[in-house]
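Novice: Have a peek at work.cif (mmCIF, C-alpha atoms).
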data_run
#
loop_
_atom_site.group_PDB
_atom_site.id
_atom_site.type_symbol
_atom_site.label_atom_id
_atom_site.label_comp_id
_atom_site.auth_asym_id
_atom_site.auth_seq_id
_atom_site.Cartn_x
_atom_site.Cartn_y
_atom_site.Cartn_z
ATOM 1 C CA MET A 207 -37.663 4.326 -5.533
ATOM 2 C CA ARG A 208 -35.747 7.412 -4.474
ATOM 3 C CA GLY A 209 -34.085 5.525 -1.619
ATOM 4 C CA ILE A 210 -33.139 2.624 -3.849
ATOM 5 C CA LYS A 211 -31.636 5.006 -6.394
ATOM 6 C CA SER A 212 -29.650 6.771 -3.694
ATOM 7 C CA PHE A 213 -28.251 3.494 -2.380
ATOM 8 C CA GLU A 214 -27.532 2.353 -5.913
ATOM 9 C CA ALA A 215 -25.620 5.583 -6.532
ATOM 10 C CA ILE A 216 -23.683 5.157 -3.295
ATOM 11 C CA PHE A 217 -22.902 1.543 -4.093
ATOM 12 C CA THR A 218 -21.611 2.587 -7.527
ATOM 13 C CA LEU A 219 -19.529 5.343 -5.925
ATOM 14 C CA LEU A 220 -18.162 2.857 -3.417
ATOM 15 C CA VAL A 221 -17.169 0.451 -6.186
ATOM 16 C CA VAL A 222 -15.540 3.256 -8.198
ATOM 17 C CA VAL A 223 -13.695 4.580 -5.139
ATOM 18 C CA SER A 224 -12.551 1.093 -4.102
ATOM 19 C CA PHE A 225 -11.311 0.360 -7.599
ATOM 20 C CA SER A 226 -9.447 3.686 -7.738
ATOM 21 C CA LEU A 227 -7.882 3.050 -4.335
ATOM 22 C CA LEU A 228 -6.909 -0.458 -5.389
ATOM 23 C CA ILE A 229 -5.011 0.997 -8.337
ATOM 24 C CA LEU A 230 -3.551 3.725 -6.142
ATOM 25 C CA ASN A 231 -2.408 1.237 -3.498
ATOM 26 C CA GLN A 232 -0.282 -0.877 -5.788
ATOM 27 C CA PRO A 233 2.888 -1.788 -3.891
ATOM 28 C CA LEU A 234 5.624 0.654 -4.735
ATOM 29 C CA PRO A 235 8.779 -0.781 -6.248
ATOM 30 C CA GLY A 236 11.876 -0.693 -4.046
ATOM 31 C CA ILE A 237 14.812 1.599 -4.602
ATOM 32 C CA ASN A 238 16.290 1.186 -8.049
ATOM 33 C CA ASP A 239 19.920 0.227 -7.360
ATOM 34 C CA SER A 240 20.823 -1.238 -10.751
ATOM 35 C CA LEU A 241 23.613 1.299 -11.320
ATOM 36 C CA TYR A 242 25.046 0.685 -7.861
ATOM 37 C CA ARG A 243 25.073 -3.095 -8.418
ATOM 38 C CA LEU A 244 26.916 -2.542 -11.693
ATOM 39 C CA GLN A 245 29.443 -0.376 -9.893
ATOM 40 C CA LEU A 246 29.966 -3.059 -7.234
ATOM 41 C CA ALA A 247 30.650 -5.684 -9.904
ATOM 42 C CA HIS A 248 33.064 -3.292 -11.516
ATOM 43 C CA ASP A 249 34.730 -2.759 -8.121
ATOM 44 C CA VAL A 250 35.373 -6.508 -7.892
ATOM 45 C CA TRP A 251 37.032 -6.443 -11.292
ATOM 46 C CA ARG A 252 39.082 -3.361 -10.358
ATOM 47 C CA VAL A 253 40.249 -4.973 -7.108
ATOM 48 C CA TRP A 254 41.465 -8.020 -9.041
ATOM 49 C CA GLN A 255 43.223 -5.690 -11.485
ATOM 50 C CA LEU A 256 44.811 -3.508 -8.817
ATOM 51 C CA ARG A 257 46.053 -6.482 -6.811
ATOM 52 C CA GLY A 258 47.638 -7.914 -9.931
ATOM 53 C CA ASP A 259 45.494 -11.034 -10.037
ATOM 54 C CA LEU A 260 44.640 -10.499 -13.681
ATOM 55 C CA ASP A 261 48.256 -9.934 -14.813
ATOM 56 C CA GLY A 262 49.024 -13.598 -15.049
ATOM 57 C CA PHE A 263 45.409 -14.604 -14.553
ATOM 58 C CA ASP A 264 46.337 -16.118 -11.215
ATOM 59 C CA LYS A 265 43.203 -18.027 -10.289
ATOM 60 C CA ASN A 266 44.441 -18.830 -6.792
ATOM 61 C CA ALA A 267 44.925 -15.154 -6.034
ATOM 62 C CA MET A 268 41.588 -14.350 -7.622
ATOM 63 C CA ASN A 269 39.861 -16.977 -5.503
ATOM 64 C CA ARG A 270 41.555 -15.683 -2.377
ATOM 65 C CA ASP A 271 40.537 -12.104 -3.113
ATOM 66 C CA ALA A 272 37.032 -13.207 -4.058
ATOM 67 C CA ASP A 273 36.783 -14.879 -0.635
ATOM 68 C CA ALA A 274 37.936 -11.664 1.034
ATOM 69 C CA MET A 275 35.384 -9.612 -0.891
ATOM 70 C CA THR A 276 32.617 -12.104 -0.072
ATOM 71 C CA ALA A 277 33.508 -11.760 3.593
ATOM 72 C CA LEU A 278 33.082 -8.001 3.246
ATOM 73 C CA THR A 279 29.987 -7.870 1.065
ATOM 74 C CA GLY A 280 28.098 -11.039 1.941
ATOM 75 C CA THR A 281 27.590 -11.845 -1.735
ATOM 76 C CA CYS A 282 28.985 -14.689 -3.802
ATOM 77 C CA ILE A 283 31.518 -13.590 -6.383
ATOM 78 C CA TYR A 284 32.477 -15.773 -9.312
ATOM 79 C CA LEU A 285 33.610 -15.768 -12.903
ATOM 80 C CA GLU A 286 31.129 -17.585 -15.058
ATOM 81 C CA GLU A 287 33.618 -18.981 -17.586
ATOM 82 C CA GLU A 288 36.458 -19.883 -15.196
ATOM 83 C CA ASP A 289 36.772 -21.844 -11.971
ATOM 84 C CA VAL A 290 37.053 -18.724 -9.902
ATOM 85 C CA ALA A 291 34.381 -18.495 -7.219
ATOM 86 C CA SER A 292 34.041 -17.569 -3.591
ATOM 87 C CA CYS A 293 30.889 -19.599 -3.170
ATOM 88 C CA LEU A 294 28.092 -21.096 -5.199
ATOM 89 C CA GLY A 295 25.610 -18.306 -5.448
ATOM 90 C CA GLY A 296 21.854 -18.357 -5.565
ATOM 91 C CA GLU A 297 19.890 -15.611 -7.232
ATOM 92 C CA ARG A 298 22.032 -13.350 -9.405
ATOM 93 C CA ILE A 299 22.457 -9.756 -8.329
ATOM 94 C CA ILE A 300 24.409 -8.569 -11.339
ATOM 95 C CA ALA A 301 26.486 -9.982 -14.182
ATOM 96 C CA LEU A 302 29.156 -7.775 -15.732
ATOM 97 C CA PRO A 303 30.858 -8.793 -18.990
ATOM 98 C CA GLN A 304 34.605 -8.050 -19.089
ATOM 99 C CA LYS A 305 37.572 -8.853 -21.290
ATOM 100 C CA ALA A 306 40.876 -10.207 -19.995
ATOM 101 C CA TRP A 307 44.191 -11.213 -21.508
ATOM 102 C CA VAL A 308 44.497 -14.919 -20.709
ATOM 103 C CA ASN A 309 47.331 -17.070 -22.092
ATOM 104 C CA GLY A 310 48.017 -14.740 -24.995
ATOM 105 C CA GLU A 311 44.457 -14.241 -26.085
ATOM 106 C CA VAL A 312 41.545 -11.993 -25.221
ATOM 107 C CA LYS A 313 38.932 -13.845 -23.285
ATOM 108 C CA ASN A 314 35.360 -12.779 -22.610
ATOM 109 C CA LEU A 315 34.561 -13.239 -18.965
ATOM 110 C CA THR A 316 31.523 -12.481 -16.837
ATOM 111 C CA VAL A 317 31.844 -11.257 -13.272
ATOM 112 C CA VAL A 318 28.798 -12.412 -11.346
ATOM 113 C CA LEU A 319 27.593 -11.246 -7.965
ATOM 114 C CA ALA A 320 24.935 -13.488 -6.485
ATOM 115 C CA LYS A 321 23.072 -13.879 -3.222
ATOM 116 C CA GLN A 322 24.557 -16.434 -0.844
ATOM 117 C CA MET B 1246 -51.901 26.005 -5.986
ATOM 118 C CA TRP B 1247 -55.415 26.803 -7.158
ATOM 119 C CA LEU B 1248 -56.595 29.810 -5.133
ATOM 120 C CA ILE B 1249 -58.882 32.771 -5.563
ATOM 121 C CA LYS B 1250 -58.746 36.305 -4.232
ATOM 122 C CA PRO B 1251 -60.931 36.945 -1.145
ATOM 123 C CA PRO B 1252 -63.900 39.319 -0.899
ATOM 124 C CA TRP B 1253 -63.223 39.929 2.820
ATOM 125 C CA ARG B 1254 -60.265 40.987 4.907
ATOM 126 C CA ARG B 1255 -61.199 39.652 8.356
ATOM 127 C CA GLN B 1256 -58.729 36.815 8.698
ATOM 128 C CA SER B 1257 -55.624 38.585 9.807
ATOM 129 C CA ASP B 1258 -53.541 35.403 9.514
ATOM 130 C CA MET B 1259 -54.538 34.919 5.897
ATOM 131 C CA PRO B 1260 -52.070 36.421 3.417
ATOM 132 C CA ALA B 1261 -53.939 38.537 0.931
ATOM 133 C CA ARG B 1262 -52.788 36.722 -2.144
ATOM 134 C CA TRP B 1263 -53.402 33.200 -0.774
ATOM 135 C CA THR B 1264 -56.967 33.370 0.456
ATOM 136 C CA CYS B 1265 -60.128 31.980 -1.030
ATOM 137 C CA ARG B 1266 -63.446 33.532 -1.970
ATOM 138 C CA LEU B 1267 -66.322 31.671 -0.359
ATOM 139 C CA PRO B 1268 -69.132 32.584 -2.785
ATOM 140 C CA ALA B 1269 -67.067 31.346 -5.601
ATOM 141 C CA PHE B 1270 -66.302 28.008 -3.966
ATOM 142 C CA ARG B 1271 -69.004 25.959 -5.635
ATOM 143 C CA ALA B 1272 -68.611 27.664 -8.947
ATOM 144 C CA ALA B 1273 -64.962 26.888 -8.820
ATOM 145 C CA GLY B 1274 -65.612 23.183 -8.216
ATOM 146 C CA LEU B 1275 -64.891 23.103 -4.511
ATOM 147 C CA ILE B 1276 -66.182 20.167 -2.487
ATOM 148 C CA ARG B 1277 -67.755 20.581 0.894
ATOM 149 C CA CYS B 1278 -67.286 17.973 3.558
ATOM 150 C CA ASN B 1279 -69.018 18.895 6.874
ATOM 151 C CA ASP B 1280 -67.925 22.476 7.416
ATOM 152 C CA THR B 1281 -64.729 22.192 5.447
ATOM 153 C CA TRP B 1282 -64.277 23.152 1.835
ATOM 154 C CA TRP B 1283 -61.676 21.363 -0.216
ATOM 155 C CA THR B 1284 -60.145 22.569 -3.407
ATOM 156 C CA PRO B 1285 -59.223 19.969 -6.033
ATOM 157 C CA THR B 1286 -55.599 20.463 -5.124
ATOM 158 C CA GLY B 1287 -56.221 19.874 -1.433
ATOM 159 C CA CYS B 1288 -56.400 23.380 -0.027
ATOM 160 C CA TRP B 1289 -59.039 23.459 2.669
ATOM 161 C CA PHE B 1290 -61.034 26.160 4.398
ATOM 162 C CA ARG B 1291 -62.910 25.780 7.636
ATOM 163 C CA LYS B 1292 -65.351 28.027 9.396
ATOM 164 C CA ALA B 1293 -64.215 28.461 12.974
ATOM 165 C CA ALA B 1294 -65.665 30.481 15.863
ATOM 166 C CA SER B 1295 -63.309 33.289 15.093
ATOM 167 C CA GLY B 1296 -64.105 33.182 11.410
ATOM 168 C CA TRP B 1297 -62.730 31.348 8.413
ATOM 169 C CA SER B 1298 -59.430 29.583 8.904
ATOM 170 C CA TRP B 1299 -57.375 28.072 6.171
ATOM 171 C CA LYS B 1300 -54.383 25.933 5.530
ATOM 172 C CA LEU B 1301 -52.349 25.597 2.434
ATOM 173 C CA TYR B 1302 -52.144 21.841 2.691
ATOM 174 C CA THR B 1303 -52.239 20.184 -0.629
ATOM 175 C CA VAL B 1304 -52.933 16.487 -0.910
ATOM 176 C CA SER B 1305 -49.381 15.800 -2.052
ATOM 177 C CA ARG B 1306 -47.950 17.852 0.780
ATOM 178 C CA MET B 1307 -50.050 15.963 3.284
ATOM 179 C CA LYS B 1308 -48.797 12.728 1.818
ATOM 180 C CA ARG B 1309 -45.243 13.967 1.916
ATOM 181 C CA LYS B 1310 -45.508 14.939 5.529
ATOM 182 C CA ARG B 1311 -46.238 11.331 6.399
ATOM 183 C CA PHE B 1312 -42.812 10.302 4.919
ATOM 184 C CA ASN B 1313 -40.792 13.304 6.060
ATOM 185 C CA GLY B 1314 -39.106 11.401 8.894
ATOM 186 C CA PHE B 1315 -38.105 8.550 6.646
ATOM 187 C CA ILE B 1316 -36.725 10.925 3.999
ATOM 188 C CA ALA B 1317 -34.712 12.839 6.596
ATOM 189 C CA LEU B 1318 -33.317 9.598 8.061
ATOM 190 C CA GLU B 1319 -32.458 8.261 4.632
ATOM 191 C CA SER B 1320 -30.752 11.531 3.676
ATOM 192 C CA LEU B 1321 -28.839 11.465 6.928
ATOM 193 C CA LEU B 1322 -27.716 7.893 6.305
ATOM 194 C CA ILE B 1323 -26.672 8.665 2.742
ATOM 195 C CA LEU B 1324 -24.817 11.752 3.906
ATOM 196 C CA LEU B 1325 -23.077 9.687 6.578
ATOM 197 C CA ILE B 1326 -22.014 7.065 4.029
ATOM 198 C CA LEU B 1327 -20.780 9.765 1.663
ATOM 199 C CA ILE B 1328 -18.781 11.398 4.447
ATOM 200 C CA LEU B 1329 -17.269 8.036 5.400
ATOM 201 C CA ILE B 1330 -16.332 7.301 1.775
ATOM 202 C CA LEU B 1331 -14.842 10.773 1.427
ATOM 203 C CA PHE B 1332 -12.923 10.428 4.688
ATOM 204 C CA TYR B 1333 -11.580 6.987 3.758
ATOM 205 C CA THR B 1334 -10.607 8.193 0.281
ATOM 206 C CA LEU B 1335 -8.817 11.243 1.640
ATOM 207 C CA GLN B 1336 -6.990 9.160 4.238
ATOM 208 C CA THR B 1337 -5.876 6.598 1.689
ATOM 209 C CA VAL B 1338 -4.815 9.214 -0.839
ATOM 210 C CA ALA B 1339 -2.874 11.084 1.852
ATOM 211 C CA ALA B 1340 -1.140 7.864 2.962
ATOM 212 C CA ALA B 1341 -0.317 6.901 -0.621
ATOM 213 C CA THR B 1342 1.020 10.377 -1.350
ATOM 214 C CA ARG B 1343 3.167 10.301 1.780
ATOM 215 C CA GLN B 1344 4.484 6.852 0.882
ATOM 216 C CA THR B 1345 5.292 7.909 -2.674
ATOM 217 C CA GLN B 1346 7.036 11.035 -1.430
ATOM 218 C CA GLU B 1347 9.119 9.075 1.094
ATOM 219 C CA ARG B 1348 10.100 6.561 -1.565
ATOM 220 C CA TRP B 1349 11.010 9.338 -3.987
ATOM 221 C CA GLU B 1350 13.141 11.059 -1.343
ATOM 222 C CA ALA B 1351 14.874 7.773 -0.491
ATOM 223 C CA GLN B 1352 15.587 7.171 -4.180
ATOM 224 C CA GLN B 1353 16.935 10.715 -4.549
ATOM 225 C CA ARG B 1354 19.182 10.293 -1.522
ATOM 226 C CA PHE B 1355 20.389 6.921 -2.798
ATOM 227 C CA ASN B 1356 21.163 8.359 -6.245
ATOM 228 C CA LYS B 1357 23.149 11.173 -4.641
ATOM 229 C CA LEU B 1358 25.099 8.663 -2.549
ATOM 230 C CA VAL B 1359 25.878 6.585 -5.627
ATOM 231 C CA SER B 1360 27.075 9.697 -7.469
ATOM 232 C CA VAL B 1361 29.283 10.873 -4.600
ATOM 233 C CA ALA B 1362 30.692 7.370 -4.114
ATOM 234 C CA ASP B 1363 31.493 7.034 -7.796
ATOM 235 C CA TYR B 1364 33.244 10.383 -7.846
ATOM 236 C CA ILE B 1365 35.300 9.496 -4.761
ATOM 237 C CA VAL B 1366 36.458 6.076 -5.972
ATOM 238 C CA LYS B 1367 37.140 7.215 -9.533
ATOM 239 C CA ALA B 1368 38.639 10.666 -9.061
ATOM 240 C CA GLY B 1369 38.143 12.401 -5.732
ATOM 241 C CA ALA B 1370 40.289 10.257 -3.442
ATOM 242 C CA VAL B 1371 42.284 7.953 -5.718
ATOM 243 C CA ARG B 1372 46.010 7.498 -5.985
ATOM 244 C CA GLU B 1373 47.802 9.286 -8.792
ATOM 245 C CA TYR B 1374 51.163 8.372 -10.259
ATOM 246 C CA HIS B 1375 52.641 10.391 -13.098
ATOM 247 C CA ASN B 1376 49.297 12.012 -13.817
ATOM 248 C CA THR B 1377 47.596 8.635 -14.031
ATOM 249 C CA ARG B 1378 44.641 7.989 -11.773
ATOM 250 C CA TYR B 1379 44.012 4.569 -10.328
ATOM 251 C CA PRO B 1380 40.298 4.156 -9.671
ATOM 252 C CA ASN B 1381 39.368 2.157 -6.561
ATOM 253 C CA TRP B 1382 42.859 2.633 -5.058
ATOM 254 C CA ILE B 1383 42.163 5.070 -2.264
ATOM 255 C CA ASP B 1384 44.666 7.646 -1.136
ATOM 256 C CA GLU B 1385 43.824 8.218 2.528
ATOM 257 C CA ALA B 1386 45.338 11.701 2.559
ATOM 258 C CA ARG B 1387 43.149 12.760 -0.351
ATOM 259 C CA LEU B 1388 40.149 11.062 1.261
ATOM 260 C CA ALA B 1389 40.631 13.112 4.411
ATOM 261 C CA ALA B 1390 40.899 16.288 2.334
ATOM 262 C CA LEU B 1391 37.614 15.822 0.491
ATOM 263 C CA PRO B 1392 35.421 18.946 0.668
ATOM 264 C CA LEU B 1393 32.475 17.089 2.187
ATOM 265 C CA PRO B 1394 30.604 20.177 3.502
ATOM 266 C CA GLU B 1395 30.692 21.582 -0.013
ATOM 267 C CA PHE B 1396 29.297 18.344 -1.479
ATOM 268 C CA GLN B 1397 26.684 18.265 1.241
ATOM 269 C CA GLU B 1398 25.518 21.772 0.443
ATOM 270 C CA GLN B 1399 25.536 21.259 -3.309
ATOM 271 C CA MET B 1400 23.583 18.024 -3.047
ATOM 272 C CA ASN B 1401 21.181 19.385 -0.460
ATOM 273 C CA LEU B 1402 21.901 16.656 2.103
ATOM 274 C CA SER B 1403 21.517 17.028 5.853
ATOM 275 C CA SER B 1404 24.741 15.172 6.498
ATOM 276 C CA LEU B 1405 27.418 13.420 4.491
ATOM 277 C CA ALA B 1406 30.164 11.198 5.830
ATOM 278 C CA VAL B 1407 32.822 9.106 4.114
ATOM 279 C CA GLY B 1408 34.987 6.530 5.832
ATOM 280 C CA PHE B 1409 35.950 2.923 6.284
ATOM 281 C CA SER B 1410 33.215 2.338 8.837
ATOM 282 C CA PRO B 1411 29.524 3.193 8.555
ATOM 283 C CA SER B 1412 28.067 6.239 10.294
ATOM 284 C CA ALA B 1413 24.545 7.518 10.901
ATOM 285 C CA GLY B 1414 21.997 7.719 8.116
ATOM 286 C CA SER B 1415 21.664 5.751 4.909
ATOM 287 C CA CYS B 1416 24.935 4.179 3.771
ATOM 288 C CA ILE B 1417 26.277 2.497 0.703
ATOM 289 C CA TYR B 1418 29.748 1.059 0.302
ATOM 290 C CA ARG B 1419 32.243 0.542 -2.486
ATOM 291 C CA LEU B 1420 35.023 -2.038 -2.639
ATOM 292 C CA VAL B 1421 38.410 -0.370 -2.732
ATOM 293 C CA VAL B 1422 42.038 -1.117 -2.028
ATOM 294 C CA VAL B 1423 43.976 0.987 0.439
ATOM 295 C CA GLY B 1424 47.649 1.686 0.983
ATOM 296 C CA ASP B 1425 50.733 0.188 -0.567
ATOM 297 C CA SER B 1426 49.673 -3.295 0.511
ATOM 298 C CA LYS B 1427 46.431 -2.793 -1.425
ATOM 299 C CA GLU B 1428 44.314 -4.133 1.379
ATOM 300 C CA ILE B 1429 40.731 -4.782 0.293
ATOM 301 C CA ARG B 1430 38.299 -2.656 2.281
ATOM 302 C CA ARG B 1431 34.833 -1.194 2.108
ATOM 303 C CA LEU B 1432 34.538 2.551 1.727
ATOM 304 C CA PHE B 1433 31.282 3.755 3.270
ATOM 305 C CA ILE B 1434 29.431 6.806 2.068
ATOM 306 C CA CYS B 1435 26.618 7.828 4.390
ATOM 307 C CA ALA B 1436 24.022 10.576 4.149
ATOM 308 C CA ALA B 1437 20.867 11.725 5.897
#
Could you write out this file's structure as structure tokens?
Specialist:
Amino acid sequence: MRGIKSFEAIFTLLVVVSFSLLILNQPLPGINDSLYRLQLAHDVWRVWQLRGDLDGFDKNAMNRDADAMTALTGTCIYLEEEDVASCLGGERIIALPQKAWVNGEVKNLTVVLAKQ
Amino acid sequence: MWLIKPPWRRQSDMPARWTCRLPAFRAAGLIRCNDTWWTPTGCWFRKAASGWSWKLYTVSRMKRKRFNGFIALESLLILLILILILFYTLQTVAAATRQTQERWEAQQRFNKLVSVADYIVKAGAVREYHNTRYPNWIDEARLAALPLPEFQEQMNLSSLAVGFSPSAGSCIYRLVVVGDSKEIRRLFICAA
């Protein structure tokens, strides 16, 4: 009986230890880069602003610059509400709402960065 | 142990307080088998050529002796299993701790890079006209004049490098425009 009890105790300990280790060995989440992704989306908007693409809402210029930025970053860049896009993206990386002055009115736009 | 004090002192190997009194054997309910007297608890006394010899074997102790090897083996096995469990647990906990620490350090380093990058593209190295800053428009002269060793020391980084091409260590980049032509470029911020 003593032997059985000892093995029972060890088996219980083994189960408890395994369960604890299972909880402990949960895969760690990757680096949280949500702020950085937001900054990158904002960079895209700033580049369009600085290069004057948004002054007359020149979609050709915006498309051209979006292509240039896609070549640099490897991500698809597009405006959700307008036909401005460097490529048709897959999974979204970040979506940043912005306001622009388009044809005399304020327009809500969304800058989207997506995986190629 | 049921024992009685002895009337004699001849057995030198018999401790005084653990010896038995022969005349009192029967009265005390001892059982004789051949020339050996047994107590109810299993202590026996035997008349030898040199005199009375004795052993403090009880019945239970005699029984136990038969299983001593098994008990020792079982204890050894249990101890071995416990040591293995302990070793495995310690190894796993150490690995998990190391992994968590590495991830935490990587996150810290990344956060520092993001902070430095944001400062550089919003204030540290941007063009200024009439006291107006233009975020993301990099002034190369101001970029070259950034006090990087100071940042490095304040942020407790082994190395810190900023430029238009990546250098050693972990890097992030920001999209900026450079020069009067406003060429679109990546500004790399690297740290180790």
Novice: Expressed in Å to a single decimal, how great is the separation between CA of Gln322 (chain A) and CA of Ala272 (chain A)?
Specialist: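 It comes out at 13.3 Å.
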Novice: Can you check which residues of chain B have any atom within 9 Å of chain A? Use only C-alpha atoms and format it as a PyMOL selection string.
Specialist: chain B and resi 1316+1319-1320+1323+1326-1327+1330+1334+1337-1338+1341+1344-1345+1348-1349+1351-1352+1355-1356+1359+1363+1379-1382+1417-1422+1426-1431
Novice: CA of Val308 (chain A) to CA of Thr1377 (chain B): how many Å, to one decimal?
Specialist: 24.7 Å
Novice: On this file, the PyMOL selection byres ((chain A and resi 291) around 10) gives some set of residues; write that set as a ChimeraX atom specification.
Specialist: /A:265,268-273,276,282-286,288-290,292-295,317-319
Novice: What is the CA of Glu1373 (chain B) to CA of Leu302 (chain A) distance in Å?
Specialist: 26.2 Å
Novice: Would you kindly return, as an MDAnalysis selection string, each protein, DNA or RNA residue with an atom no farther than 8 Å from any atom of Pro303 (chain A), considering all atoms listed in the file and excluding same-chain residues fewer than 3 positions away?
Specialist: chainID A and resid 314:317
